[in-house]
file entry_38.pdb (PDB, C-alpha atoms)
ATOM      1  CA  MET A   1       8.730  29.940  -8.470
ATOM      2  CA  GLY A   2      12.435  29.095  -8.096
ATOM      3  CA  THR A   3      15.218  31.662  -8.188
ATOM      4  CA  MET A   4      18.521  31.605 -10.018
ATOM      5  CA  ALA A   5      20.185  30.763  -6.680
ATOM      6  CA  ASP A   6      17.861  27.742  -6.334
ATOM      7  CA  VAL A   7      18.856  26.572  -9.815
ATOM      8  CA  ALA A   8      22.560  26.986  -9.007
ATOM      9  CA  ALA A   9      22.194  25.017  -5.782
ATOM     10  CA  ALA A  10      20.244  22.204  -7.449
ATOM     11  CA  ALA A  11      22.762  21.926 -10.304
ATOM     12  CA  GLY A  12      25.813  22.313  -8.061
ATOM     13  CA  VAL A  13      27.188  25.264 -10.033
ATOM     14  CA  SER A  14      27.668  28.978  -9.516
ATOM     15  CA  ILE A  15      24.970  31.576 -10.180
ATOM     16  CA  SER A  16      27.163  33.045 -12.933
ATOM     17  CA  THR A  17      27.214  29.664 -14.708
ATOM     18  CA  VAL A  18      23.418  29.547 -14.567
ATOM     19  CA  SER A  19      23.342  33.052 -16.025
ATOM     20  CA  HIS A  20      25.642  32.054 -18.891
ATOM     21  CA  VAL A  21      23.433  29.081 -19.734
ATOM     22  CA  ILE A  22      20.240  31.110 -19.665
ATOM     23  CA  ASN A  23      21.560  34.120 -21.579
ATOM     24  CA  GLU A  24      23.992  32.220 -23.821
ATOM     25  CA  THR A  25      26.715  34.728 -22.988
ATOM     26  CA  ARG A  26      29.500  32.137 -22.720
ATOM     27  CA  ARG A  27      30.082  28.567 -23.797
ATOM     28  CA  VAL A  28      29.311  26.093 -21.009
ATOM     29  CA  ASP A  29      30.337  22.427 -20.906
ATOM     30  CA  PRO A  30      27.431  20.384 -22.361
ATOM     31  CA  ARG A  31      27.109  18.207 -19.225
ATOM     32  CA  THR A  32      27.004  21.271 -16.997
ATOM     33  CA  ARG A  33      24.502  22.933 -19.314
ATOM     34  CA  ASP A  34      22.242  19.856 -19.177
ATOM     35  CA  ALA A  35      22.421  19.868 -15.369
ATOM     36  CA  VAL A  36      21.408  23.537 -15.282
ATOM     37  CA  LEU A  37      18.500  22.962 -17.684
ATOM     38  CA  GLU A  38      17.288  20.046 -15.589
ATOM     39  CA  ALA A  39      17.497  22.177 -12.450
ATOM     40  CA  ILE A  40      15.507  24.932 -14.165
ATOM     41  CA  ALA A  41      12.756  22.414 -14.928
ATOM     42  CA  THR A  42      12.642  20.996 -11.424
ATOM     43  CA  THR A  43      12.752  24.322  -9.555
ATOM     44  CA  GLY A  44      10.213  26.066 -11.801
ATOM     45  CA  TYR A  45      12.587  28.962 -12.456
ATOM     46  CA  ARG A  46      11.346  31.551 -14.984
ATOM     47  CA  ARG A  47      13.844  33.742 -16.775
ATOM     48  CA  ASN A  48      13.491  37.466 -16.048
ATOM     49  CA  ALA A  49      13.316  38.797 -19.588
ATOM     50  CA  LEU A  50      13.835  42.416 -18.556
ATOM     51  CA  ALA A  51      16.932  41.624 -16.517
ATOM     52  CA  ALA A  52      18.288  39.448 -19.309
ATOM     53  CA  ALA A  53      17.755  42.233 -21.821
ATOM     54  CA  LEU A  54      19.711  44.650 -19.654
ATOM     55  CA  ALA A  55      22.534  42.115 -19.251
ATOM     56  CA  THR A  56      22.801  41.116 -22.904
ATOM     57  CA  SER A  57      21.499  44.234 -24.723
ATOM     58  CA  ARG A  58      18.960  41.927 -26.358
ATOM     59  CA  SER A  59      15.288  41.539 -25.597
ATOM     60  CA  GLY A  60      14.682  38.283 -27.444
ATOM     61  CA  VAL A  61      11.771  39.987 -29.181
ATOM     62  CA  LEU A  62      11.148  40.770 -32.855
ATOM     63  CA  ALA A  63       8.639  43.440 -33.885
ATOM     64  CA  LEU A  64       6.270  43.444 -36.847
ATOM     65  CA  SER A  65       4.320  46.354 -38.325
ATOM     66  CA  ILE A  66       1.852  45.218 -40.956
ATOM     67  CA  SER A  67      -1.695  45.834 -42.182
ATOM     68  CA  ALA A  68      -2.985  42.437 -41.132
ATOM     69  CA  TRP A  69      -6.718  42.998 -40.790
ATOM     70  CA  GLN A  70      -7.439  44.890 -44.007
ATOM     71  CA  ASN A  71      -5.588  42.443 -46.248
ATOM     72  CA  PRO A  72      -6.237  38.694 -45.803
ATOM     73  CA  TYR A  73      -3.016  37.954 -47.697
ATOM     74  CA  PHE A  74      -0.990  39.080 -44.683
ATOM     75  CA  ALA A  75      -2.562  36.656 -42.167
ATOM     76  CA  PRO A  76      -0.550  33.589 -43.270
ATOM     77  CA  VAL A  77       2.548  35.800 -43.554
ATOM     78  CA  VAL A  78       2.143  36.734 -39.881
ATOM     79  CA  ARG A  79       1.715  33.073 -38.925
ATOM     80  CA  ALA A  80       4.906  32.139 -40.784
ATOM     81  CA  ILE A  81       6.850  34.993 -39.176
ATOM     82  CA  GLU A  82       5.676  34.033 -35.698
ATOM     83  CA  SER A  83       6.477  30.359 -36.271
ATOM     84  CA  ARG A  84       9.991  31.006 -37.556
ATOM     85  CA  ALA A  85      10.714  33.540 -34.828
ATOM     86  CA  GLY A  86       9.734  30.954 -32.218
ATOM     87  CA  GLU A  87      11.988  28.353 -33.802
ATOM     88  CA  LEU A  88      14.905  30.760 -33.453
ATOM     89  CA  GLY A  89      14.090  31.564 -29.841
ATOM     90  CA  TYR A  90      12.353  34.910 -30.344
ATOM     91  CA  ALA A  91       8.970  36.151 -29.234
ATOM     92  CA  LEU A  92       6.991  38.340 -31.639
ATOM     93  CA  MET A  93       5.144  41.550 -30.875
ATOM     94  CA  MET A  94       3.176  43.180 -33.630
ATOM     95  CA  GLY A  95       0.854  46.030 -34.418
ATOM     96  CA  ASP A  96      -1.525  46.776 -37.273
ATOM     97  CA  SER A  97      -0.673  49.897 -39.266
ATOM     98  CA  HIS A  98      -4.024  49.824 -41.132
ATOM     99  CA  ASP A  99      -1.916  50.994 -44.113
ATOM    100  CA  ASP A 100      -2.107  54.485 -42.592
ATOM    101  CA  PRO A 101       1.259  56.311 -42.583
ATOM    102  CA  ALA A 102       0.458  58.291 -39.427
ATOM    103  CA  ILE A 103      -0.628  55.179 -37.515
ATOM    104  CA  GLU A 104       2.416  53.337 -38.810
ATOM    105  CA  SER A 105       4.810  56.024 -37.605
ATOM    106  CA  SER A 106       3.301  56.039 -34.111
ATOM    107  CA  LEU A 107       3.177  52.237 -33.982
ATOM    108  CA  VAL A 108       6.785  51.802 -35.033
ATOM    109  CA  GLY A 109       7.860  54.350 -32.421
ATOM    110  CA  SER A 110       6.100  52.293 -29.744
ATOM    111  CA  LEU A 111       7.683  49.061 -30.951
ATOM    112  CA  LEU A 112      11.140  50.656 -30.865
ATOM    113  CA  ASP A 113      10.506  51.966 -27.347
ATOM    114  CA  ARG A 114       9.967  48.375 -26.262
ATOM    115  CA  ARG A 115      13.527  47.467 -27.261
ATOM    116  CA  ALA A 116      12.769  45.025 -30.077
ATOM    117  CA  ASP A 117      15.954  43.415 -31.382
ATOM    118  CA  GLY A 118      14.783  43.892 -34.960
ATOM    119  CA  LEU A 119      11.740  44.952 -36.948
ATOM    120  CA  ILE A 120       9.887  43.630 -40.003
ATOM    121  CA  LEU A 121       7.843  46.255 -41.826
ATOM    122  CA  ALA A 122       5.263  46.119 -44.618
ATOM    123  CA  PRO A 123       5.420  49.850 -45.413
ATOM    124  CA  ALA A 124       2.276  51.958 -45.637
ATOM    125  CA  PRO A 125       1.730  53.861 -48.904
ATOM    126  CA  ALA A 126       4.682  55.999 -50.016
ATOM    127  CA  PRO A 127       6.216  58.467 -49.718
ATOM    128  CA  ARG A 128       5.730  59.023 -45.987
ATOM    129  CA  ALA A 129       7.200  55.671 -44.927
ATOM    130  CA  GLU A 130      10.423  56.437 -46.783
ATOM    131  CA  ARG A 131      10.567  59.952 -45.309
ATOM    132  CA  THR A 132       9.659  59.191 -41.705
ATOM    133  CA  THR A 133       9.172  55.585 -40.602
ATOM    134  CA  ILE A 134      12.191  53.963 -42.247
ATOM    135  CA  PRO A 135      14.618  56.763 -41.256
ATOM    136  CA  MET A 136      13.265  56.542 -37.676
ATOM    137  CA  ILE A 137      14.091  52.836 -37.517
ATOM    138  CA  ARG A 138      17.509  53.281 -39.074
ATOM    139  CA  SER A 139      18.429  56.163 -36.762
ATOM    140  CA  ALA A 140      17.568  53.939 -33.789
ATOM    141  CA  GLY A 141      20.099  51.415 -35.075
ATOM    142  CA  THR A 142      17.467  48.665 -35.121
ATOM    143  CA  PRO A 143      17.894  46.000 -37.823
ATOM    144  CA  LEU A 144      15.087  46.237 -40.382
ATOM    145  CA  VAL A 145      13.610  44.056 -43.129
ATOM    146  CA  LEU A 146      10.923  45.316 -45.501
ATOM    147  CA  ILE A 147       8.418  42.706 -46.599
ATOM    148  CA  ASP A 148       6.082  42.561 -49.638
ATOM    149  CA  ARG A 149       6.673  46.192 -50.644
ATOM    150  CA  LEU A 150      10.068  47.249 -51.890
ATOM    151  CA  SER A 151      11.706  50.629 -51.385
ATOM    152  CA  SER A 152      14.783  52.604 -52.447
ATOM    153  CA  ALA A 153      15.893  52.614 -48.794
ATOM    154  CA  PRO A 154      19.259  50.894 -48.116
ATOM    155  CA  VAL A 155      17.770  48.062 -46.043
ATOM    156  CA  ASP A 156      17.102  44.352 -46.575
ATOM    157  CA  GLN A 157      13.902  43.710 -48.532
ATOM    158  CA  LEU A 158      11.809  40.745 -49.611
ATOM    159  CA  ALA A 159       8.849  40.500 -52.001
ATOM    160  CA  SER A 160       7.213  38.153 -54.471
ATOM    161  CA  GLU A 161       7.729  38.581 -58.173
ATOM    162  CA  GLY A 162       5.085  40.990 -59.443
ATOM    163  CA  SER A 163       5.621  42.005 -63.054
ATOM    164  CA  GLU A 164       6.087  38.651 -64.789
ATOM    165  CA  PRO A 165       3.105  36.928 -63.096
ATOM    166  CA  VAL A 166       0.702  39.770 -63.964
ATOM    167  CA  ALA A 167       2.014  39.850 -67.524
ATOM    168  CA  ARG A 168       1.395  36.118 -67.746
ATOM    169  CA  LEU A 169      -2.177  36.415 -66.496
ATOM    170  CA  THR A 170      -2.904  39.243 -68.948
ATOM    171  CA  SER A 171      -1.240  37.505 -71.891
ATOM    172  CA  HIS A 172      -3.209  34.355 -71.149
ATOM    173  CA  LEU A 173      -6.479  36.256 -71.563
ATOM    174  CA  ILE A 174      -5.206  37.849 -74.769
ATOM    175  CA  GLU A 175      -4.277  34.414 -76.132
ATOM    176  CA  LEU A 176      -7.858  33.331 -75.483
ATOM    177  CA  GLY A 177      -9.012  36.099 -77.834
ATOM    178  CA  HIS A 178      -9.945  38.858 -75.388
ATOM    179  CA  GLU A 179      -9.272  42.438 -76.445
ATOM    180  CA  ARG A 180     -11.383  44.408 -73.968
ATOM    181  CA  ILE A 181      -9.681  43.484 -70.728
ATOM    182  CA  GLY A 182     -10.256  45.430 -67.530
ATOM    183  CA  ALA A 183      -8.165  45.587 -64.377
ATOM    184  CA  ILE A 184      -8.943  46.206 -60.723
ATOM    185  CA  THR A 185      -5.741  47.661 -59.269
ATOM    186  CA  GLY A 186      -4.485  47.933 -55.703
ATOM    187  CA  ARG A 187      -4.014  50.868 -53.343
ATOM    188  CA  ARG A 188      -2.181  53.853 -54.798
ATOM    189  CA  GLY A 189       1.261  54.606 -53.396
ATOM    190  CA  ILE A 190       2.066  50.978 -52.574
ATOM    191  CA  GLN A 191       5.022  49.702 -54.566
ATOM    192  CA  SER A 192       3.519  46.285 -55.275
ATOM    193  CA  SER A 193       0.309  47.875 -56.600
ATOM    194  CA  VAL A 194       2.251  50.184 -58.901
ATOM    195  CA  GLU A 195       4.388  47.325 -60.205
ATOM    196  CA  ARG A 196       1.428  45.095 -60.979
ATOM    197  CA  SER A 197      -0.550  47.895 -62.653
ATOM    198  CA  GLU A 198       2.399  48.752 -64.887
ATOM    199  CA  ALA A 199       2.833  45.092 -65.801
ATOM    200  CA  PHE A 200      -0.812  44.919 -66.906
ATOM    201  CA  THR A 201      -0.608  48.004 -69.138
ATOM    202  CA  THR A 202       2.727  46.858 -70.594
ATOM    203  CA  ALA A 203       1.347  43.410 -71.462
ATOM    204  CA  MET A 204      -1.624  45.042 -73.178
ATOM    205  CA  ALA A 205       0.601  47.434 -75.121
ATOM    206  CA  THR A 206       2.917  44.620 -76.178
ATOM    207  CA  ALA A 207      -0.095  42.911 -77.763
ATOM    208  CA  GLY A 208      -1.129  46.146 -79.471
ATOM    209  CA  LEU A 209      -4.056  46.658 -77.108
ATOM    210  CA  ARG A 210      -5.019  49.436 -74.726
ATOM    211  CA  SER A 211      -7.364  49.226 -71.778
ATOM    212  CA  ALA A 212      -9.816  52.125 -71.726
ATOM    213  CA  PRO A 213      -9.373  54.321 -68.625
ATOM    214  CA  ARG A 214     -12.891  53.438 -67.478
ATOM    215  CA  HIS A 215     -11.864  49.771 -67.564
ATOM    216  CA  MET A 216      -8.853  50.200 -65.295
ATOM    217  CA  ARG A 217     -10.067  51.108 -61.816
ATOM    218  CA  CYS A 218      -8.470  51.352 -58.389
ATOM    219  CA  GLY A 219     -10.001  48.881 -55.968
ATOM    220  CA  ASP A 220      -7.890  50.305 -53.114
ATOM    221  CA  SER A 221      -6.858  46.758 -52.093
ATOM    222  CA  SER A 222     -10.208  46.311 -50.350
ATOM    223  CA  VAL A 223     -13.278  44.128 -50.797
ATOM    224  CA  ASP A 224     -15.770  46.994 -50.667
ATOM    225  CA  GLU A 225     -14.005  49.352 -53.064
ATOM    226  CA  ALA A 226     -13.366  46.574 -55.584
ATOM    227  CA  TYR A 227     -17.068  45.732 -55.429
ATOM    228  CA  THR A 228     -18.020  49.386 -55.992
ATOM    229  CA  GLN A 229     -15.591  49.891 -58.871
ATOM    230  CA  THR A 230     -16.644  46.688 -60.621
ATOM    231  CA  LEU A 231     -20.285  47.736 -60.504
ATOM    232  CA  ALA A 232     -19.360  51.147 -61.916
ATOM    233  CA  MET A 233     -17.276  49.584 -64.674
ATOM    234  CA  TYR A 234     -20.027  47.284 -65.907
ATOM    235  CA  ARG A 235     -22.866  49.748 -65.461
ATOM    236  CA  GLY A 236     -21.035  52.461 -67.372
ATOM    237  CA  ARG A 237     -21.528  53.437 -70.983
ATOM    238  CA  GLY A 238     -19.853  51.761 -73.922
ATOM    239  CA  PRO A 239     -18.634  48.227 -74.514
ATOM    240  CA  ARG A 240     -17.880  46.306 -71.346
ATOM    241  CA  PRO A 241     -14.755  44.247 -70.694
ATOM    242  CA  THR A 242     -15.019  40.592 -71.601
ATOM    243  CA  ALA A 243     -12.267  39.733 -69.110
ATOM    244  CA  LEU A 244     -10.875  41.059 -65.824
ATOM    245  CA  VAL A 245      -7.477  40.924 -64.129
ATOM    246  CA  VAL A 246      -7.725  41.489 -60.371
ATOM    247  CA  LEU A 247      -4.481  42.421 -58.668
ATOM    248  CA  ASN A 248      -4.946  41.080 -55.138
ATOM    249  CA  ASN A 249      -7.128  38.504 -53.410
ATOM    250  CA  ALA A 250      -9.102  40.843 -51.159
ATOM    251  CA  MET A 251     -10.335  42.666 -54.240
ATOM    252  CA  THR A 252     -11.180  39.368 -55.952
ATOM    253  CA  VAL A 253     -13.870  38.774 -53.313
ATOM    254  CA  GLY A 254     -15.411  42.182 -54.035
ATOM    255  CA  VAL A 255     -15.252  41.649 -57.795
ATOM    256  CA  MET A 256     -16.977  38.267 -57.572
ATOM    257  CA  ARG A 257     -19.695  39.743 -55.372
ATOM    258  CA  ALA A 258     -20.304  42.507 -57.915
ATOM    259  CA  LEU A 259     -20.391  40.120 -60.875
ATOM    260  CA  GLN A 260     -22.938  37.991 -59.044
ATOM    261  CA  GLU A 261     -25.109  41.049 -58.380
ATOM    262  CA  LEU A 262     -24.825  42.009 -62.059
ATOM    263  CA  GLU A 263     -25.863  38.449 -62.998
ATOM    264  CA  LEU A 264     -22.697  38.041 -65.051
ATOM    265  CA  ARG A 265     -21.404  34.486 -65.205
ATOM    266  CA  VAL A 266     -17.741  33.528 -64.884
ATOM    267  CA  PRO A 267     -16.324  32.664 -67.372
ATOM    268  CA  GLN A 268     -19.243  32.622 -69.815
ATOM    269  CA  ASP A 269     -19.858  36.378 -69.579
ATOM    270  CA  VAL A 270     -16.601  37.572 -67.979
ATOM    271  CA  ALA A 271     -13.307  35.694 -67.834
ATOM    272  CA  LEU A 272     -11.583  36.271 -64.484
ATOM    273  CA  VAL A 273      -7.963  35.865 -63.345
ATOM    274  CA  CYS A 274      -6.314  37.150 -60.189
ATOM    275  CA  TYR A 275      -2.967  37.805 -58.550
ATOM    276  CA  ASP A 276      -2.915  36.147 -55.106
ATOM    277  CA  ASP A 277      -4.493  32.786 -54.583
ATOM    278  CA  PHE A 278      -6.746  31.565 -51.770
ATOM    279  CA  GLU A 279      -6.293  28.397 -49.768
ATOM    280  CA  TRP A 280      -9.812  27.518 -50.864
ATOM    281  CA  SER A 281      -9.665  28.692 -54.509
ATOM    282  CA  ASP A 282     -10.301  25.204 -55.831
ATOM    283  CA  LEU A 283     -13.637  25.198 -53.967
ATOM    284  CA  PHE A 284     -14.989  27.998 -56.172
ATOM    285  CA  THR A 285     -17.147  27.071 -59.147
ATOM    286  CA  PRO A 286     -15.539  27.669 -61.543
ATOM    287  CA  GLY A 287     -12.080  27.312 -60.017
ATOM    288  CA  LEU A 288     -10.084  30.554 -60.026
ATOM    289  CA  THR A 289      -7.139  30.899 -62.377
ATOM    290  CA  ALA A 290      -4.643  32.673 -60.159
ATOM    291  CA  VAL A 291      -1.029  33.399 -59.341
ATOM    292  CA  ALA A 292      -0.066  32.189 -55.871
ATOM    293  CA  GLN A 293       2.609  33.690 -53.657
ATOM    294  CA  ASP A 294       4.639  31.483 -51.336
ATOM    295  CA  VAL A 295       3.678  33.364 -48.183
ATOM    296  CA  GLU A 296       5.129  30.714 -45.893
ATOM    297  CA  ALA A 297       8.550  31.097 -47.522
ATOM    298  CA  MET A 298       8.252  34.889 -47.429
ATOM    299  CA  GLY A 299       7.518  35.049 -43.704
ATOM    300  CA  ARG A 300      10.244  32.611 -42.753
ATOM    301  CA  ARG A 301      12.862  34.202 -44.984
ATOM    302  CA  ALA A 302      12.088  37.659 -43.602
ATOM    303  CA  VAL A 303      12.867  36.403 -40.088
ATOM    304  CA  ASP A 304      16.084  34.739 -41.265
ATOM    305  CA  LEU A 305      17.297  37.942 -42.928
ATOM    306  CA  LEU A 306      16.488  39.935 -39.803
ATOM    307  CA  VAL A 307      18.163  37.554 -37.371
ATOM    308  CA  GLU A 308      21.292  37.493 -39.526
ATOM    309  CA  ARG A 309      21.493  41.276 -39.125
ATOM    310  CA  ILE A 310      20.872  41.016 -35.390
ATOM    311  CA  ASP A 311      23.705  38.474 -35.175
ATOM    312  CA  GLY A 312      26.130  40.890 -36.803
ATOM    313  CA  PHE A 313      25.928  40.520 -40.587
ATOM    314  CA  ASP A 314      27.033  43.899 -41.964
ATOM    315  CA  GLY A 315      27.110  43.293 -45.712
ATOM    316  CA  PRO A 316      25.273  45.399 -48.317
ATOM    317  CA  ARG A 317      21.499  45.423 -48.445
ATOM    318  CA  ARG A 318      19.818  42.342 -49.853
ATOM    319  CA  VAL A 319      16.785  42.582 -52.125
ATOM    320  CA  GLU A 320      15.199  39.205 -52.810
ATOM    321  CA  ARG A 321      12.240  38.283 -55.021
ATOM    322  CA  LEU A 322      10.354  35.041 -54.475
ATOM    323  CA  PRO A 323       8.866  33.118 -57.413
ATOM    324  CA  THR A 324       5.108  32.649 -57.753
ATOM    325  CA  THR A 325       3.084  29.669 -58.960
ATOM    326  CA  PHE A 326       0.517  29.821 -61.771
ATOM    327  CA  HIS A 327      -2.648  27.846 -60.966
ATOM    328  CA  HIS A 328      -4.532  27.249 -64.200
ATOM    329  CA  ARG A 329      -8.174  26.567 -63.412
ATOM    330  CA  ASP A 330     -11.461  27.356 -65.177
ATOM    331  CA  SER A 331     -12.366  31.000 -64.466
ATOM    332  CA  CYS A 332     -10.226  32.184 -67.387
ATOM    333  CA  GLY A 333     -12.564  30.377 -69.769
ATOM    334  CA  CYS A 334     -10.255  27.704 -71.079
ATOM    335  CA  GLU A 335     -12.803  24.991 -70.373
ATOM    336  CA  ARG A 336     -15.399  27.031 -72.259
ATOM    337  CA  VAL A 337     -13.037  27.464 -75.216
ATOM    338  CA  ARG A 338     -12.195  23.740 -75.339
ATOM    339  CA  THR A 339     -15.808  22.562 -75.232
ATOM    340  CA  GLY A 340     -17.344  25.381 -77.267
ATOM    341  CA  VAL A 341     -19.943  26.000 -74.534
TER     342      VAL A 341
END

call {"tool": "encode", "arguments": {"input": "entry_38.pdb", "output": "structure tokens"}}
result
Amino acid sequence: MGTMADVAAAAGVSISTVSHVINETRRVDPRTRDAVLEAIATTGYRRNALAAALATSRSGVLALSISAWQNPYFAPVVRAIESRAGELGYALMMGDSHDDPAIESSLVGSLLDRRADGLILAPAPAPRAERTTIPMIRSAGTPLVLIDRLSSAPVDQLASEGSEPVARLTSHLIELGHERIGAITGRRGIQSSVERSEAFTTAMATAGLRSAPRHMRCGDSSVDEAYTQTLAMYRGRGPRPTALVVLNNAMTVGVMRALQELELRVPQDVALVCYDDFEWSDLFTPGLTAVAQDVEAMGRRAVDLLVERIDGFDGPRRVERLPTTFHHRDSCGCERVRTGV
């Protein structure tokens, strides 16, 4: 492996010029820069990231704390973040918070200890994140962007629209003639879950309807709990919902499993709509009527916001909401209504 001195000798420049090219600490004539880059390739020199971090006060690394394994929605978000970070010359280190505030606090502390230039955080359920994790990051002076779950904290934040899409899904079922509509809601204490749940109840109230408490159950943003709560809902006493709104895609899998076990057909017996689409939703029979988030745009924009802060932007906090897309398929029962089946 070549050294910086080898690169300087091969390019016919000083070691300090090589350093400026590698660390981008000073403008270098384009022809000289090209000669240095060619010498790096021929000598096999590898940049010492630790030394560079000490010289520039930057590590070239972004950190991410997210609950990636419990929620399949976050997997493409992580891919988009990693891709955009790479395009901008950053490596990504990440850890899974498991949506546990204590794990999140410890994880974020470890990421900060490793001198990340900035951090993207999908906060664990409130209020602990706002009381401990976010203040810890801010006191360290590390640029921060919250993703998916908004907060009152004075930091940059990015999330998909939540209220209007859920209201649209609910209103669509009401327009089809449903009055007993149930909902499987997400994990308590998470801002996006609260927002979507409130949008469902508001849409029902606006239509003069009210979902019975036994028909509005917390699926805890998980496959297994959504499965359990759906079984309980339909095996309980009293009239059963003729339609369901499911408020994230992990829970949709559990709901569909439960409906299959109950031998309830979609949409003939239960109309089904969901917030969060799947890449393979159109492979379901019937196809799922769903609201899709632009997770690629979310991941990339989160990195852009963070890097702008790292590069010195000191304006007021930015809170951005990304639009969703309504995919109208068959699980809502529209095909059944049209054909009279």

call {"tool": "atom_distance", "arguments": {"input": "entry_38.pdb", "atom1": "atom CA of A:Gln293", "atom2": "atom CA of A:Phe278"}}
result
9.8 Å

call {"tool": "residues_around", "arguments": {"input": "entry_38.pdb", "residues": "A:Arg235", "least_positions_apart": "3", "cutoff": "12 Å", "atoms": "all atoms listed in the file", "output": "count of residues only"}}
result
17

call {"tool": "closest_residue", "arguments": {"input": "entry_38.pdb", "among": "A:Glu296, A:Glu38, A:Glu179, A:Asp277", "to": "A:Ile81", "atoms": "all atoms listed in the file"}}
result
A:Glu296

call {"tool": "atom_distance", "arguments": {"input": "entry_38.pdb", "atom1": "atom CA of A:Gly182", "atom2": "atom CA of A:Asp148"}}
result
24.4 Å

call {"tool": "resolve_selection", "arguments": {"input": "entry_38.pdb", "expression": "the PyMOL selection byres ((chain A and resi 173) around 10)", "output": "compact mmCIF listing (two decimals) with C-alpha atoms, keeping the file's coordinate frame"}}
result
# COMPACT_ATOMS: atom_id res chain seq x y z
CA ARG A 168 1.40 36.12 -67.75
CA LEU A 169 -2.18 36.42 -66.50
CA THR A 170 -2.90 39.24 -68.95
CA SER A 171 -1.24 37.51 -71.89
CA HIS A 172 -3.21 34.35 -71.15
CA ILE A 174 -5.21 37.85 -74.77
CA GLU A 175 -4.28 34.41 -76.13
CA LEU A 176 -7.86 33.33 -75.48
CA GLY A 177 -9.01 36.10 -77.83
CA HIS A 178 -9.94 38.86 -75.39
CA GLU A 179 -9.27 42.44 -76.44
CA ARG A 180 -11.38 44.41 -73.97
CA ILE A 181 -9.68 43.48 -70.73
CA THR A 242 -15.02 40.59 -71.60
CA ALA A 243 -12.27 39.73 -69.11
CA LEU A 244 -10.88 41.06 -65.82
CA VAL A 245 -7.48 40.92 -64.13
CA ALA A 271 -13.31 35.69 -67.83
CA LEU A 272 -11.58 36.27 -64.48
CA VAL A 273 -7.96 35.86 -63.34
CA CYS A 332 -10.23 32.18 -67.39
CA GLY A 333 -12.56 30.38 -69.77
CA CYS A 334 -10.26 27.70 -71.08

call {"tool": "closest_residue", "arguments": {"input": "entry_38.pdb", "among": "A:Tyr234, A:Glu320, A:Ser211, A:Ala250", "to": "A:Asp269", "atoms": "only C-alpha atoms"}}
result
A:Tyr234

call {"tool": "resolve_selection", "arguments": {"input": "entry_38.pdb", "expression": "the PyMOL selection byres ((chain A and resi 220) around 8)", "output": "short mmCIF file (atom, residue, chain, number, x, y, z; two decimals) with C-alpha atoms, in the frame of the given file"}}
result
data_model
loop_
_atom_site.label_atom_id
_atom_site.label_comp_id
_atom_site.auth_asym_id
_atom_site.auth_seq_id
_atom_site.Cartn_x
_atom_site.Cartn_y
_atom_site.Cartn_z
CA THR A 185 -5.74 47.66 -59.27
CA GLY A 186 -4.49 47.93 -55.70
CA ARG A 187 -4.01 50.87 -53.34
CA ARG A 188 -2.18 53.85 -54.80
CA CYS A 218 -8.47 51.35 -58.39
CA GLY A 219 -10.00 48.88 -55.97
CA SER A 221 -6.86 46.76 -52.09
CA SER A 222 -10.21 46.31 -50.35
CA GLU A 225 -14.00 49.35 -53.06
CA ALA A 226 -13.37 46.57 -55.58
#

call {"tool": "build_atoms", "arguments": {"input": "entry_38.pdb", "residues": "stretch 88-95 of chain A", "atoms": "N, CA, C and O atoms", "output": "PDB file, in the coordinates of the input"}}
result
ATOM      1  N   LEU A  88      13.591  30.160 -33.694  1.00  0.00           N
ATOM      2  CA  LEU A  88      14.905  30.760 -33.453  1.00  0.00           C
ATOM      3  C   LEU A  88      15.025  31.358 -32.055  1.00  0.00           C
ATOM      4  O   LEU A  88      15.997  32.036 -31.755  1.00  0.00           O
ATOM      5  N   GLY A  89      14.015  31.124 -31.228  1.00  0.00           N
ATOM      6  CA  GLY A  89      14.090  31.564 -29.841  1.00  0.00           C
ATOM      7  C   GLY A  89      13.614  32.975 -29.581  1.00  0.00           C
ATOM      8  O   GLY A  89      13.909  33.548 -28.529  1.00  0.00           O
ATOM      9  N   TYR A  90      12.849  33.537 -30.503  1.00  0.00           N
ATOM     10  CA  TYR A  90      12.353  34.910 -30.344  1.00  0.00           C
ATOM     11  C   TYR A  90      10.843  34.916 -30.138  1.00  0.00           C
ATOM     12  O   TYR A  90      10.114  34.114 -30.729  1.00  0.00           O
ATOM     13  N   ALA A  91      10.393  35.839 -29.317  1.00  0.00           N
ATOM     14  CA  ALA A  91       8.970  36.151 -29.234  1.00  0.00           C
ATOM     15  C   ALA A  91       8.670  37.230 -30.277  1.00  0.00           C
ATOM     16  O   ALA A  91       9.572  37.913 -30.758  1.00  0.00           O
ATOM     17  N   LEU A  92       7.392  37.353 -30.635  1.00  0.00           N
ATOM     18  CA  LEU A  92       6.991  38.340 -31.639  1.00  0.00           C
ATOM     19  C   LEU A  92       5.955  39.276 -31.048  1.00  0.00           C
ATOM     20  O   LEU A  92       4.962  38.841 -30.465  1.00  0.00           O
ATOM     21  N   MET A  93       6.188  40.581 -31.188  1.00  0.00           N
ATOM     22  CA  MET A  93       5.144  41.550 -30.875  1.00  0.00           C
ATOM     23  C   MET A  93       4.835  42.300 -32.165  1.00  0.00           C
ATOM     24  O   MET A  93       5.734  42.582 -32.977  1.00  0.00           O
ATOM     25  N   MET A  94       3.566  42.562 -32.363  1.00  0.00           N
ATOM     26  CA  MET A  94       3.176  43.180 -33.630  1.00  0.00           C
ATOM     27  C   MET A  94       2.080  44.209 -33.414  1.00  0.00           C
ATOM     28  O   MET A  94       1.397  44.228 -32.387  1.00  0.00           O
ATOM     29  N   GLY A  95       1.932  45.054 -34.400  1.00  0.00           N
ATOM     30  CA  GLY A  95       0.854  46.030 -34.418  1.00  0.00           C
ATOM     31  C   GLY A  95       0.353  46.190 -35.832  1.00  0.00           C
ATOM     32  O   GLY A  95       1.076  45.923 -36.805  1.00  0.00           O
TER      33      GLY A  95
END
